[in-house]
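File shown: query.txt. Contents: compact mmCIF, C-alpha atoms.
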```txt
# COMPACT_ATOMS: atom_id res chain seq x y z
CA MET A 260 -10.84 155.20 94.49
CA ALA A 261 -9.83 158.29 92.51
CA ILE A 262 -8.74 158.63 88.89
CA VAL A 263 -5.37 160.43 88.83
CA THR A 264 -3.24 161.87 86.03
CA THR A 265 0.47 162.39 86.61
CA GLU A 266 3.79 162.60 84.80
CA GLY A 267 6.54 160.17 85.68
CA ILE A 268 9.71 158.34 84.66
CA VAL A 269 9.66 154.55 84.41
CA LEU A 270 12.34 153.00 86.63
CA LYS A 271 11.73 149.29 85.98
CA THR A 272 9.05 146.74 85.09
CA TYR A 273 8.17 143.16 86.01
CA ALA A 274 6.16 140.53 84.19
CA LEU A 275 2.77 139.75 85.74
CA GLY A 276 1.08 136.62 84.50
CA ASP A 277 1.15 135.95 80.76
CA THR A 278 0.15 139.35 79.42
CA SER A 279 0.48 142.06 82.10
CA ARG A 280 3.21 144.10 83.76
CA ILE A 281 4.00 145.77 87.05
CA VAL A 282 5.53 149.18 86.38
CA VAL A 283 7.60 151.09 88.93
CA ALA A 284 7.69 154.83 88.19
CA TYR A 285 8.87 157.95 89.94
CA THR A 286 6.15 160.56 89.43
CA ARG A 287 6.17 164.32 89.74
CA GLU A 288 3.00 164.66 91.81
CA HIS A 289 2.77 161.33 93.64
CA GLY A 290 6.30 160.11 94.33
CA LEU A 291 7.24 156.48 93.83
CA ARG A 292 4.33 154.43 92.50
CA LYS A 293 3.70 150.89 91.29
CA PHE A 294 1.13 150.29 88.56
CA VAL A 295 -0.54 147.14 87.25
CA ALA A 296 -0.67 147.46 83.47
CA LYS A 297 -3.13 144.81 82.31
CA GLY A 298 -2.49 143.45 78.84
CA ALA A 299 0.75 145.45 78.48
CA ARG A 300 2.66 142.46 77.05
CA LYS A 301 -0.06 141.25 74.73
CA PRO A 302 0.31 142.27 71.06
CA PRO A 303 -0.53 144.76 69.80
CA LEU A 304 1.23 146.53 72.65
CA ARG A 305 -1.42 148.61 74.36
CA PHE A 306 0.89 151.22 75.89
CA GLY A 307 3.64 151.34 73.27
CA PHE A 308 6.94 152.73 74.55
CA ALA A 309 5.33 154.55 77.49
CA LEU A 310 6.14 151.74 79.94
CA GLU A 311 9.75 151.17 78.96
CA PRO A 312 12.47 152.04 81.52
CA LEU A 313 13.84 155.60 81.02
CA SER A 314 10.65 156.77 79.30
CA ARG A 315 9.05 159.94 80.64
CA SER A 316 5.32 159.39 80.31
CA ARG A 317 1.92 160.67 81.33
CA PHE A 318 -0.06 158.15 83.38
CA VAL A 319 -3.75 157.89 84.18
CA PHE A 320 -4.43 155.43 86.99
CA TYR A 321 -6.92 154.43 89.65
CA MET A 322 -5.42 155.37 93.01
CA LYS A 323 -6.31 152.92 95.75
CA PRO A 324 -5.67 154.35 99.23
CA ASP A 325 -3.39 152.29 101.46
CA GLN A 326 -2.48 149.86 98.67
CA ASP A 327 0.88 149.35 96.97
CA LEU A 328 -0.43 148.57 93.48
CA HIS A 329 -2.61 150.89 91.41
CA LEU A 330 -4.44 149.97 88.21
CA LEU A 331 -3.09 151.78 85.16
CA SER A 332 -5.73 153.01 82.74
CA GLN A 333 -3.73 154.98 80.17
CA ALA A 334 -0.09 155.83 79.44
CA GLU A 335 1.23 158.26 76.87
CA VAL A 336 4.93 158.71 76.18
CA ILE A 337 6.34 162.23 76.50
CA ASP A 338 10.00 161.42 75.89
CA PRO A 339 11.12 157.87 74.95
CA LEU A 340 14.65 158.54 76.16
CA GLY A 341 15.73 154.90 76.15
CA SER A 342 15.07 154.61 72.42
CA ARG A 343 17.34 157.60 71.75
CA LEU A 344 20.36 156.34 73.70
CA ALA A 345 22.25 154.24 71.19
CA ASP A 346 25.61 154.71 72.94
CA LEU A 347 26.22 152.09 75.64
CA THR A 348 28.06 154.55 77.89
CA ARG A 349 25.17 157.02 77.85
CA LEU A 350 22.70 154.22 78.50
CA ALA A 351 24.72 152.95 81.47
CA HIS A 352 24.84 156.38 83.13
CA ALA A 353 21.12 156.92 82.52
CA GLN A 354 20.36 153.51 84.03
CA ALA A 355 22.56 154.42 86.99
CA ALA A 356 20.31 157.44 87.68
CA LEU A 357 17.28 155.13 87.76
CA GLU A 358 19.10 152.75 90.12
CA ILE A 359 19.90 155.58 92.51
CA VAL A 360 16.27 156.72 92.69
CA ASP A 361 15.01 153.16 93.08
CA ARG A 362 17.36 152.46 96.00
CA LEU A 363 17.43 155.79 97.80
CA VAL A 364 13.89 157.17 97.43
CA TRP A 365 11.06 155.86 99.58
CA GLY A 366 7.37 156.65 99.89
CA GLU A 367 4.67 158.21 97.79
CA GLU A 368 5.07 161.86 98.74
CA ALA A 369 5.61 164.39 95.99
CA HIS A 370 9.07 165.90 95.69
CA ALA A 371 9.04 168.25 92.72
CA GLU A 372 12.70 169.30 93.12
CA LEU A 373 13.90 165.72 93.11
CA TYR A 374 11.79 164.88 90.07
CA ALA A 375 13.17 167.89 88.20
CA LEU A 376 16.68 166.80 89.19
CA LEU A 377 16.10 163.35 87.68
CA VAL A 378 14.71 164.85 84.45
CA ALA A 379 17.72 167.17 84.15
CA THR A 380 20.13 164.32 84.81
CA LEU A 381 18.63 162.08 82.14
CA ALA A 382 18.75 165.00 79.70
CA GLY A 383 22.42 165.40 80.57
CA CYS A 384 23.05 161.71 79.93
CA ALA A 385 21.62 162.18 76.43
CA SER A 386 23.34 165.45 75.49
CA ALA A 387 26.53 165.95 77.54
CA PRO A 388 29.92 165.06 76.03
CA VAL A 389 30.63 161.40 76.75
CA ALA A 390 33.79 162.29 78.68
CA SER A 391 31.74 164.39 81.13
CA LEU A 392 29.12 161.72 81.93
CA PRO A 393 30.86 160.73 85.20
CA ALA A 394 30.47 164.36 86.31
CA VAL A 395 26.73 164.23 85.55
CA THR A 396 26.33 161.03 87.56
CA LEU A 397 28.38 162.31 90.51
CA ALA A 398 26.45 165.59 90.58
CA PHE A 399 23.17 163.67 90.62
CA GLN A 400 24.29 161.41 93.46
CA LEU A 401 25.39 164.33 95.60
CA GLN A 402 22.39 166.53 94.90
CA LEU A 403 19.86 163.73 95.35
CA ALA A 404 21.37 162.94 98.75
CA SER A 405 21.09 166.63 99.60
CA GLU A 406 17.41 166.70 98.60
CA LEU A 407 16.81 163.74 100.91
CA GLY A 408 18.41 165.53 103.86
CA TYR A 409 21.94 164.11 103.67
CA ARG A 410 23.92 166.97 102.17
CA PRO A 411 27.65 166.41 102.71
CA ARG A 412 29.09 169.11 104.93
CA LEU A 413 32.19 170.84 103.62
CA ASP A 414 32.14 174.23 105.37
CA ALA A 415 32.77 173.04 108.95
CA CYS A 416 33.43 169.83 110.88
CA ALA A 417 30.51 167.46 110.33
CA VAL A 418 30.79 166.28 113.95
CA ASP A 419 31.19 169.39 116.13
CA GLY A 420 31.07 172.35 113.73
CA ARG A 421 34.67 173.42 114.32
CA PRO A 422 36.98 174.53 111.48
CA VAL A 423 37.91 171.61 109.26
CA SER A 424 41.38 170.15 109.10
CA GLN A 425 43.79 171.68 106.63
CA ARG A 426 44.53 168.10 105.58
CA ARG A 427 41.06 167.81 103.95
CA LEU A 428 39.91 164.89 106.09
CA PHE A 429 36.59 163.36 105.00
CA SER A 430 34.44 160.95 107.01
CA ALA A 431 31.79 159.10 105.01
CA GLY A 432 30.07 157.93 108.19
CA ARG A 433 29.88 161.41 109.68
CA GLY A 434 28.84 162.94 106.39
CA GLY A 435 31.55 165.44 105.55
CA LEU A 436 34.86 167.03 106.36
CA VAL A 437 36.05 166.81 109.96
CA CYS A 438 38.52 168.61 112.19
CA ASP A 439 41.81 167.07 113.34
CA GLY A 440 40.42 166.26 116.78
CA CYS A 441 37.39 164.38 115.49
CA ALA A 442 39.48 162.65 112.83
CA ALA A 443 41.66 161.16 115.57
CA ARG A 444 38.56 159.55 117.11
CA GLU A 445 36.90 158.44 113.85
CA GLY A 446 37.54 155.32 111.80
CA GLY A 447 37.61 155.27 108.03
CA VAL A 448 38.62 158.91 107.55
CA VAL A 449 40.29 159.60 104.20
CA VAL A 450 42.52 162.43 103.00
CA LEU A 451 41.05 164.12 99.92
CA SER A 452 43.29 165.66 97.32
CA ALA A 453 42.82 169.37 96.72
CA GLU A 454 41.54 168.63 93.20
CA ALA A 455 38.97 166.10 94.40
CA LEU A 456 37.67 168.45 97.08
CA ALA A 457 37.30 171.26 94.54
CA SER A 458 35.34 168.97 92.21
CA PHE A 459 33.25 167.76 95.15
CA ALA A 460 32.22 171.30 96.07
CA LEU A 461 31.53 172.27 92.47
CA LEU A 462 29.33 169.28 91.67
CA LEU A 463 27.45 169.67 94.94
CA SER A 464 26.59 173.32 94.41
CA ARG A 465 26.12 173.83 90.65
CA PRO A 466 22.99 172.79 88.68
CA VAL A 467 23.30 169.20 87.51
CA GLY A 468 22.86 170.38 83.93
CA ASP A 469 26.11 172.33 84.22
CA ALA A 470 28.06 169.14 84.95
CA GLY A 471 27.92 168.36 81.25
CA LEU A 472 30.08 171.40 80.60
CA TYR A 473 33.08 169.72 82.25
CA THR A 474 35.09 167.47 79.98
CA GLU A 475 36.21 165.43 82.97
CA VAL A 476 36.15 165.39 86.75
CA ALA A 477 39.46 166.17 88.46
CA ARG A 478 40.57 163.04 90.35
CA GLY A 479 37.35 161.32 89.24
CA ALA A 480 38.26 157.84 90.49
CA GLU A 481 39.01 159.21 93.94
CA LEU A 482 35.81 161.21 94.08
CA LEU A 483 33.64 158.37 92.78
CA ARG A 484 34.82 156.06 95.55
CA VAL A 485 34.35 158.71 98.25
CA VAL A 486 30.79 159.43 97.10
CA GLU A 487 29.96 155.72 96.95
CA ASP A 488 31.24 155.25 100.52
CA PHE A 489 29.17 158.26 101.64
CA LEU A 490 25.97 156.86 100.10
CA LYS A 491 26.58 153.39 101.52
CA ALA A 492 27.04 154.88 104.99
CA HIS A 493 23.76 156.82 104.94
CA PHE A 494 21.43 154.75 102.73
CA GLN A 495 21.06 151.12 103.75
CA ARG A 496 19.77 149.98 100.36
CA PHE A 497 22.65 151.50 98.40
CA ARG A 498 25.31 148.94 97.50
CA GLY A 499 26.93 150.55 94.50
CA LEU A 500 25.63 150.87 90.94
CA ARG A 501 25.36 147.73 88.81
CA SER A 502 25.04 149.76 85.61
CA LEU A 503 28.46 151.33 86.09
CA GLU A 504 30.03 148.05 87.19
CA VAL A 505 28.95 146.50 83.89
CA LEU A 506 30.52 149.45 82.07
CA ARG A 507 33.78 149.02 83.98
CA THR A 508 33.85 145.31 83.18
CA LEU A 509 33.46 145.96 79.46
CA GLU A 510 36.17 148.61 79.54
CA ALA A 511 38.54 146.33 81.47
CA GLU A 512 38.02 143.57 78.90
CA GLY A 513 38.81 145.95 76.06
CA GLY A 514 35.34 145.87 74.60
CA MET A 515 35.03 149.65 74.51
CA PRO A 516 37.14 152.78 75.14
CA ALA A 517 37.50 153.96 78.73
CA ARG A 518 34.66 156.30 79.71
CA LEU A 519 34.67 155.94 83.48
CA PRO A 520 37.16 156.61 86.25
CA GLY A 521 38.80 153.38 87.41
CA ARG A 522 38.28 152.01 90.91
CA MET A 523 41.39 153.51 92.41
CA PRO A 524 41.70 153.99 96.16
CA PRO A 525 40.43 157.39 97.32
CA GLY A 526 43.67 158.48 98.90
CA GLU A 527 45.61 158.05 102.07
CA ARG A 528 43.56 156.74 104.98
CA THR A 529 44.25 158.09 108.41
CA SER A 530 43.23 154.86 110.10
```
Could you spell out this file's structure in structure tokens?
Amino acid sequence: MAIVTTEGIVLKTYALGDTSRIVVAYTREHGLRKFVAKGARKPPLRFGFALEPLSRSRFVFYMKPDQDLHLLSQAEVIDPLGSRLADLTRLAHAQAALEIVDRLVWGEEAHAELYALLVATLAGCASAPVASLPAVTLAFQLQLASELGYRPRLDACAVDGRPVSQRRLFSAGRGGLVCDGCAAREGGVVVLSAEALASFALLLSRPVGDAGLYTEVARGAELLRVVEDFLKAHFQRFRGLRSLEVLRTLEAEGGMPARLPGRMPPGERTS
């Protein structure tokens, strides 16, 4: 059993007994980890804000090989992001980033690029103009999928590598644009608008921090649905984002101004 120090972002926590917690964190050096924090719920709070979801913290723990739970010894907060997000819209988008990591990322292998992507996304949720938060979330979804080996293909047919259709035909199941021939044999192919495709390419290729520079995503509702369908097709545990559904519900009930693209259909379906 080794004593390990690492930096990580708290994704979620569970109560354990009367006074302790299980903490799920995505760490920079050790991937997804679960810690047992003994006495974490007993006043005075031993770990302070370091174990709250959205906090970026430094952890010291006892690593037990071949076990799922590791005993947490110390935790020191680096950035208590959750305490700084007073705006409900910002909080919902930040929580959505945690949901995506929790559902799409597996295993305990280090992935420094993915960790840096999550840090940059949470920073964007705190600092980007509120109107551009959907762009930050979409960029994170696309770039995280790319880091995990599922980068949407836009330069050639995702099935046979031939030139893509001029009609901008996208297959979520096949993972990208397709040619006319393959589209005729595929189910669920959608026709992207020119504006949505341009936004798709931009958010896929630019640093996620730049997404905050856009005041809005062109055809955001269309693009949001297409990206959700893509993630559902390639990641079994992804079933949409509860954080954003809560935000939509509040907006629909008139409890807050609209800050998210509505759930409009993505465009004309070819089949």
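Shortest separation to Arg427 (chain A) among A:Leu331, A:Leu407, A:Val476, A:Ala453 occurs at residue A:Ala453, atoms counted being all atoms listed in the file.
Closest approach to Leu328 (chain A) from the set A:Ala480, A:Val360, A:Ala345, A:Arg292 is made by A:Arg292, with distances taken over only C-alpha atoms.
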Looking at all atoms listed in the file, which of A:Lys271, A:Arg484, A:Arg287, A:Arg421 is the one that sits closest to Asp439 (chain A)? A:Arg421
Skipping near chain neighbours, those fewer than 3 positions away, what residues fall within 10 Å of Arg410 (chain A) using all atoms listed in the file, listed as number ranges by chain? A: 401-407, 413, 434-435, 463
Which residue is closest to Ser316 (chain A)? Choose from A:Asp346, A:Glu266, A:Asp361, A:Glu288 and count all atoms listed in the file.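 Using all atoms listed in the file, the shortest distance to Ser316 (chain A) belongs to A:Glu266.
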So which one's closest to Tyr285 (chain A), A:Leu347, A:Leu490, A:Leu313, A:Ala415? Using all atoms listed in the file, please.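 Using all atoms listed in the file, the shortest distance to Tyr285 (chain A) belongs to A:Leu313.
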Residue contacts of region 273-279 of chain A (9 Å, only C-alpha atoms) excluding same-chain residues fewer than 6 positions away, as a PyMOL selection string: chain A and resi 295-302
